[in-house]
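Next comes model14.cif, a file with mmCIF, C-alpha atoms.
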data_my_file
#
loop_
_atom_site.group_PDB
_atom_site.id
_atom_site.type_symbol
_atom_site.label_atom_id
_atom_site.label_comp_id
_atom_site.auth_asym_id
_atom_site.auth_seq_id
_atom_site.Cartn_x
_atom_site.Cartn_y
_atom_site.Cartn_z
ATOM 1 C CA MET A 1 17.058 -14.037 13.850
ATOM 2 C CA GLY A 2 19.405 -13.668 16.835
ATOM 3 C CA TYR A 3 18.157 -16.866 18.454
ATOM 4 C CA GLN A 4 18.985 -19.028 15.434
ATOM 5 C CA HIS A 5 22.715 -18.777 16.187
ATOM 6 C CA LEU A 6 22.086 -19.692 19.809
ATOM 7 C CA ILE A 7 19.995 -22.708 18.776
ATOM 8 C CA ILE A 8 22.665 -23.861 16.295
ATOM 9 C CA PHE A 9 25.340 -23.409 18.969
ATOM 10 C CA GLY A 10 23.248 -25.443 21.440
ATOM 11 C CA VAL A 11 22.752 -28.258 18.936
ATOM 12 C CA ILE A 12 26.513 -28.333 18.237
ATOM 13 C CA CYS A 13 27.274 -28.447 21.996
ATOM 14 C CA ILE A 14 24.785 -31.269 22.632
ATOM 15 C CA THR A 15 26.057 -33.246 19.626
ATOM 16 C CA THR A 16 29.671 -32.813 20.757
ATOM 17 C CA TRP A 17 28.751 -33.884 24.290
ATOM 18 C CA PHE A 18 26.933 -36.957 22.957
ATOM 19 C CA LEU A 19 29.849 -37.951 20.738
ATOM 20 C CA GLY A 20 32.329 -37.425 23.574
ATOM 21 C CA ILE A 21 30.347 -39.408 26.132
ATOM 22 C CA TYR A 22 29.314 -42.334 23.929
ATOM 23 C CA LEU A 23 31.909 -42.660 21.192
ATOM 24 C CA LEU A 24 35.216 -41.575 22.742
ATOM 25 C CA PRO A 25 35.436 -44.510 25.215
ATOM 26 C CA ARG A 26 34.761 -46.980 22.392
ATOM 27 C CA LEU A 27 37.359 -45.303 20.212
ATOM 28 C CA LEU A 28 39.953 -45.419 22.985
ATOM 29 C CA LEU A 29 39.254 -49.095 23.648
ATOM 30 C CA SER A 30 39.607 -49.934 19.961
ATOM 31 C CA VAL A 31 42.991 -48.199 20.051
ATOM 32 C CA TYR A 32 43.928 -50.265 23.116
ATOM 33 C CA LYS A 33 42.748 -53.472 21.402
ATOM 34 C CA ARG A 34 44.883 -52.667 18.382
ATOM 35 C CA ALA A 35 47.829 -51.925 20.650
ATOM 36 C CA ILE A 36 47.487 -55.340 22.289
ATOM 37 C CA LEU A 37 46.700 -57.498 19.263
ATOM 38 C CA VAL A 38 48.768 -55.801 16.562
ATOM 39 C CA LYS A 39 51.582 -53.878 18.232
ATOM 40 C CA GLY A 40 52.081 -55.783 21.482
ATOM 41 C CA PHE A 41 54.176 -54.455 24.338
ATOM 42 C CA GLY A 42 57.673 -54.978 23.030
ATOM 43 C CA ASP A 43 57.761 -58.685 22.179
ATOM 44 C CA GLY A 44 55.462 -58.400 19.168
ATOM 45 C CA PRO A 45 51.722 -58.917 18.798
ATOM 46 C CA ILE A 46 49.821 -60.638 21.592
ATOM 47 C CA PRO A 47 47.586 -63.419 20.284
ATOM 48 C CA VAL A 48 43.899 -63.412 21.189
ATOM 49 C CA ASN A 49 43.063 -65.564 24.239
ATOM 50 C CA THR A 50 46.517 -65.327 25.791
ATOM 51 C CA LEU A 51 47.864 -63.298 28.673
ATOM 52 C CA TYR A 52 50.931 -61.127 28.278
ATOM 53 C CA THR A 53 53.102 -60.257 31.264
ATOM 54 C CA GLU A 54 55.100 -57.046 31.198
ATOM 55 C CA PRO A 55 58.816 -57.915 30.758
ATOM 56 C CA GLN A 56 60.983 -57.645 33.847
ATOM 57 C CA ALA A 57 63.331 -55.251 32.045
ATOM 58 C CA PHE A 58 60.492 -52.786 31.333
ATOM 59 C CA PHE A 59 59.411 -52.923 34.955
ATOM 60 C CA ALA A 60 62.889 -52.699 36.438
ATOM 61 C CA ASP A 61 63.914 -49.637 34.419
ATOM 62 C CA PRO A 62 60.906 -47.978 32.713
ATOM 63 C CA LEU A 63 62.877 -44.799 32.020
ATOM 64 C CA SER A 64 65.614 -46.537 30.007
ATOM 65 C CA LEU A 65 63.628 -48.707 27.634
ATOM 66 C CA PRO A 66 65.285 -49.888 24.425
ATOM 67 C CA ALA A 67 64.606 -47.712 21.383
ATOM 68 C CA THR A 68 62.695 -50.618 19.810
ATOM 69 C CA ALA A 69 60.128 -50.689 22.634
ATOM 70 C CA PRO A 70 56.776 -49.251 21.562
ATOM 71 C CA LYS A 71 55.366 -46.271 23.440
ATOM 72 C CA VAL A 72 52.514 -48.416 24.754
ATOM 73 C CA ALA A 73 55.099 -50.455 26.697
ATOM 74 C CA THR A 74 55.990 -47.529 28.905
ATOM 75 C CA THR A 75 53.774 -47.901 31.925
ATOM 76 C CA GLY A 76 55.330 -44.962 33.710
ATOM 77 C CA VAL A 77 57.196 -45.075 36.946
ATOM 78 C CA ASN A 78 54.704 -47.149 38.916
ATOM 79 C CA HIS A 79 57.269 -49.211 40.768
ATOM 80 C CA ASP A 80 55.057 -51.535 42.764
ATOM 81 C CA THR A 81 52.744 -53.116 40.196
ATOM 82 C CA LEU A 82 53.548 -55.651 37.490
ATOM 83 C CA TYR A 83 50.981 -55.691 34.668
ATOM 84 C CA VAL A 84 49.339 -58.519 32.734
ATOM 85 C CA ALA A 85 47.063 -57.871 29.732
ATOM 86 C CA GLY A 86 45.041 -59.790 27.194
ATOM 87 C CA TRP A 87 42.076 -59.741 24.842
ATOM 88 C CA LEU A 88 39.596 -62.619 24.869
ATOM 89 C CA ASP A 89 37.272 -63.910 22.163
ATOM 90 C CA LEU A 90 34.663 -66.184 23.758
ATOM 91 C CA SER A 91 32.716 -66.846 20.530
ATOM 92 C CA LYS A 92 34.459 -70.223 20.084
ATOM 93 C CA GLY A 93 33.809 -71.349 23.660
ATOM 94 C CA PRO A 94 34.728 -70.720 27.281
ATOM 95 C CA LEU A 95 38.234 -70.173 28.563
ATOM 96 C CA VAL A 96 39.723 -71.150 31.910
ATOM 97 C CA LEU A 97 41.830 -68.646 33.839
ATOM 98 C CA HIS A 98 44.221 -70.387 36.193
ATOM 99 C CA VAL A 99 45.749 -68.321 38.991
ATOM 100 C CA PRO A 100 48.492 -69.688 41.260
ATOM 101 C CA ASP A 101 48.613 -69.434 45.041
ATOM 102 C CA PHE A 102 49.667 -65.847 45.717
ATOM 103 C CA SER A 103 50.400 -66.486 49.432
ATOM 104 C CA ASP A 104 48.687 -63.328 50.695
ATOM 105 C CA ARG A 105 50.275 -61.125 47.985
ATOM 106 C CA TYR A 106 47.894 -58.572 46.473
ATOM 107 C CA TYR A 107 46.847 -59.281 42.898
ATOM 108 C CA SER A 108 43.868 -58.423 40.744
ATOM 109 C CA VAL A 109 42.546 -59.557 37.365
ATOM 110 C CA GLN A 110 39.880 -57.266 35.948
ATOM 111 C CA PHE A 111 37.457 -58.264 33.187
ATOM 112 C CA THR A 112 36.085 -55.405 31.085
ATOM 113 C CA ASP A 113 33.272 -55.225 28.527
ATOM 114 C CA PRO A 114 35.055 -53.083 25.914
ATOM 115 C CA SER A 115 31.835 -52.050 24.186
ATOM 116 C CA LYS A 116 30.669 -50.182 27.296
ATOM 117 C CA ASN A 117 33.944 -49.811 29.217
ATOM 118 C CA ILE A 118 32.366 -51.545 32.219
ATOM 119 C CA ASN A 119 34.244 -53.881 34.559
ATOM 120 C CA PHE A 120 31.972 -56.877 35.077
ATOM 121 C CA ALA A 121 34.142 -59.189 37.189
ATOM 122 C CA TYR A 122 37.320 -59.440 39.232
ATOM 123 C CA VAL A 123 39.514 -62.295 40.364
ATOM 124 C CA GLY A 124 42.014 -61.432 43.049
ATOM 125 C CA THR A 125 42.854 -60.813 46.656
ATOM 126 C CA ARG A 126 39.720 -58.843 47.494
ATOM 127 C CA ALA A 127 37.265 -60.741 45.276
ATOM 128 C CA THR A 128 38.314 -64.404 45.471
ATOM 129 C CA GLY A 129 41.275 -64.569 47.860
ATOM 130 C CA THR A 130 44.893 -65.498 47.243
ATOM 131 C CA LYS A 131 44.605 -69.298 46.965
ATOM 132 C CA ALA A 132 45.147 -71.014 43.615
ATOM 133 C CA GLY A 133 42.023 -71.406 41.526
ATOM 134 C CA ASP A 134 40.463 -71.953 38.132
ATOM 135 C CA HIS A 135 37.759 -69.661 36.754
ATOM 136 C CA VAL A 136 35.656 -70.459 33.683
ATOM 137 C CA ILE A 137 35.030 -67.352 31.560
ATOM 138 C CA THR A 138 31.881 -67.832 29.489
ATOM 139 C CA GLY A 139 30.213 -65.795 26.780
ATOM 140 C CA PRO A 140 26.559 -64.752 26.826
ATOM 141 C CA ASN A 141 25.296 -67.728 24.785
ATOM 142 C CA TRP A 142 27.177 -70.538 26.532
ATOM 143 C CA LYS A 143 24.973 -73.363 27.737
ATOM 144 C CA GLY A 144 27.082 -75.826 29.641
ATOM 145 C CA THR A 145 28.027 -76.883 33.113
ATOM 146 C CA VAL A 146 30.964 -75.538 35.047
ATOM 147 C CA PRO A 147 33.362 -78.321 36.064
ATOM 148 C CA LYS A 148 33.558 -79.098 39.751
ATOM 149 C CA GLY A 149 36.041 -76.942 41.638
ATOM 150 C CA MET A 150 35.843 -74.050 39.166
ATOM 151 C CA THR A 151 33.914 -70.808 39.404
ATOM 152 C CA GLN A 152 32.099 -69.179 36.488
ATOM 153 C CA ILE A 153 32.653 -65.650 35.245
ATOM 154 C CA SER A 154 29.806 -64.727 32.880
ATOM 155 C CA SER A 155 30.687 -62.130 30.273
ATOM 156 C CA PRO A 156 27.910 -59.962 28.788
ATOM 157 C CA ILE A 157 29.640 -60.123 25.355
ATOM 158 C CA ASN A 158 32.133 -62.377 23.585
ATOM 159 C CA SER A 159 34.926 -59.791 23.423
ATOM 160 C CA VAL A 160 36.630 -59.187 26.767
ATOM 161 C CA MET A 161 39.586 -57.057 27.820
ATOM 162 C CA VAL A 162 41.624 -58.538 30.689
ATOM 163 C CA PHE A 163 43.956 -56.433 32.782
ATOM 164 C CA GLY A 164 45.885 -57.885 35.708
ATOM 165 C CA ARG A 165 48.105 -56.426 38.393
ATOM 166 C CA VAL A 166 50.552 -58.112 40.746
ATOM 167 C CA LEU A 167 52.099 -56.320 43.718
ATOM 168 C CA VAL A 168 55.891 -56.091 43.773
ATOM 169 C CA TYR A 169 57.226 -55.460 47.280
ATOM 170 C CA SER A 170 60.755 -54.373 46.322
ATOM 171 C CA GLU A 171 63.441 -54.665 43.654
ATOM 172 C CA THR A 172 64.551 -57.976 45.154
ATOM 173 C CA ASP A 173 60.953 -59.270 44.977
ATOM 174 C CA LEU A 174 60.568 -58.628 41.242
ATOM 175 C CA GLY A 175 61.582 -62.167 40.227
ATOM 176 C CA THR A 176 59.039 -63.771 42.563
ATOM 177 C CA ALA A 177 56.243 -61.434 41.439
ATOM 178 C CA TYR A 178 57.138 -62.015 37.788
ATOM 179 C CA ASP A 179 57.080 -65.810 38.230
ATOM 180 C CA LEU A 180 53.620 -65.589 39.837
ATOM 181 C CA ALA A 181 52.328 -63.331 37.044
ATOM 182 C CA LYS A 182 53.624 -65.753 34.389
ATOM 183 C CA GLN A 183 51.737 -68.603 36.110
ATOM 184 C CA MET A 184 48.406 -66.894 35.366
ATOM 185 C CA GLN A 185 47.336 -68.828 32.280
ATOM 186 C CA LEU A 186 44.385 -69.069 29.897
ATOM 187 C CA THR A 187 43.326 -72.350 28.307
ATOM 188 C CA ALA A 188 40.238 -73.504 26.454
ATOM 189 C CA LEU A 189 37.702 -75.352 28.599
ATOM 190 C CA GLY A 190 38.342 -79.071 28.219
ATOM 191 C CA ASN A 191 42.074 -78.817 27.496
#

Mind converting the file's structure to structure tokens?
Amino acid sequence: MGYQHLIIFGVICITTWFLGIYLLPRLLLSVYKRAILVKGFGDGPIPVNTLYTEPQAFFADPLSLPATAPKVATTGVNHDTLYVAGWLDLSKGPLVLHVPDFSDRYYSVQFTDPSKNINFAYVGTRATGTKAGDHVITGPNWKGTVPKGMTQISSPINSVMVFGRVLVYSETDLGTAYDLAKQMQLTALGN
């Protein structure tokens, strides 16, 4: 009789561990998706297949945000990184990510499979260099040819979370970094 409680306790612990390991990341990513697509980061909802750049005002003074700014807009006091975010739906076809020439400035664009919370590709200083370029982001069922001069990023699923970072050297550099971040654009392949 005494072992039954221990067995029940063990089953509860294993079940809790399983739920925490496998379901919590998916739950957190669905919250993040909702934050991006429904709430936005201060300027309203962010449409699917677009990139949103953190406003200069939020970056310049993250501790004195307007009362109307949502909590998700507060990125903390990280004062050297400007953020770009977006959510992609590749079910209607590939998208092209254009990045400008960053002139040796550090930047990174990370592509994440939200169903498994796995980063499957990067574009940026360490992965592709700082020169301007176009990258075709394709879903798992796409059967086409990549246009000349573009590189392909193959996504394992049609739903992709994109998170970019651009280095800001100083307060006086914020405008330059912001202009570069705004030049990162998504368009449908063929447009």

Excluding same-chain residues fewer than 5 positions from region 91-101 of chain A, what lies within 10 Å of it counting all atoms listed in the file, as a PyMOL selection string?
-> chain A and resi 49-51+107+109+123-124+129-144+146+150-155+157-159+179-191

- Item | the PyMOL selection byres ((chain A and resi 160-171) around 10) resolved against shown file, as number ranges by chain | A: 29, 32-33, 36, 49-53, 59-60, 79-90, 102, 105-115, 117, 119-124, 137, 139, 155-159, 172-178, 180-181, 184

Take the selection from the previous step and output its residues with C-alpha atoms, as a tab-separated table (two decimals), keeping the file's coordinate frame.
chain	number	residue	atom	x	y	z
A	29	LEU	CA	39.25	-49.10	23.65
A	32	TYR	CA	43.93	-50.26	23.12
A	33	LYS	CA	42.75	-53.47	21.40
A	36	ILE	CA	47.49	-55.34	22.29
A	49	ASN	CA	43.06	-65.56	24.24
A	50	THR	CA	46.52	-65.33	25.79
A	51	LEU	CA	47.86	-63.30	28.67
A	52	TYR	CA	50.93	-61.13	28.28
A	53	THR	CA	53.10	-60.26	31.26
A	59	PHE	CA	59.41	-52.92	34.96
A	60	ALA	CA	62.89	-52.70	36.44
A	79	HIS	CA	57.27	-49.21	40.77
A	80	ASP	CA	55.06	-51.54	42.76
A	81	THR	CA	52.74	-53.12	40.20
A	82	LEU	CA	53.55	-55.65	37.49
A	83	TYR	CA	50.98	-55.69	34.67
A	84	VAL	CA	49.34	-58.52	32.73
A	85	ALA	CA	47.06	-57.87	29.73
A	86	GLY	CA	45.04	-59.79	27.19
A	87	TRP	CA	42.08	-59.74	24.84
A	88	LEU	CA	39.60	-62.62	24.87
A	89	ASP	CA	37.27	-63.91	22.16
A	90	LEU	CA	34.66	-66.18	23.76
A	102	PHE	CA	49.67	-65.85	45.72
A	105	ARG	CA	50.28	-61.12	47.98
A	106	TYR	CA	47.89	-58.57	46.47
A	107	TYR	CA	46.85	-59.28	42.90
A	108	SER	CA	43.87	-58.42	40.74
A	109	VAL	CA	42.55	-59.56	37.36
A	110	GLN	CA	39.88	-57.27	35.95
A	111	PHE	CA	37.46	-58.26	33.19
A	112	THR	CA	36.08	-55.40	31.08
A	113	ASP	CA	33.27	-55.22	28.53
A	114	PRO	CA	35.06	-53.08	25.91
A	115	SER	CA	31.84	-52.05	24.19
A	117	ASN	CA	33.94	-49.81	29.22
A	119	ASN	CA	34.24	-53.88	34.56
A	120	PHE	CA	31.97	-56.88	35.08
A	121	ALA	CA	34.14	-59.19	37.19
A	122	TYR	CA	37.32	-59.44	39.23
A	123	VAL	CA	39.51	-62.30	40.36
A	124	GLY	CA	42.01	-61.43	43.05
A	137	ILE	CA	35.03	-67.35	31.56
A	139	GLY	CA	30.21	-65.80	26.78
A	155	SER	CA	30.69	-62.13	30.27
A	156	PRO	CA	27.91	-59.96	28.79
A	157	ILE	CA	29.64	-60.12	25.36
A	158	ASN	CA	32.13	-62.38	23.58
A	159	SER	CA	34.93	-59.79	23.42
A	172	THR	CA	64.55	-57.98	45.15
A	173	ASP	CA	60.95	-59.27	44.98
A	174	LEU	CA	60.57	-58.63	41.24
A	175	GLY	CA	61.58	-62.17	40.23
A	176	THR	CA	59.04	-63.77	42.56
A	177	ALA	CA	56.24	-61.43	41.44
A	178	TYR	CA	57.14	-62.02	37.79
A	180	LEU	CA	53.62	-65.59	39.84
A	181	ALA	CA	52.33	-63.33	37.04
A	184	MET	CA	48.41	-66.89	35.37

Students should find that CA of Leu24 (chain A) and CA of Val11 (chain A) are spaced 18.6 Å

Correct to one decimal, the distance CA of Pro147 (chain A)-CA of Thr128 (chain A) is 17.5 Å
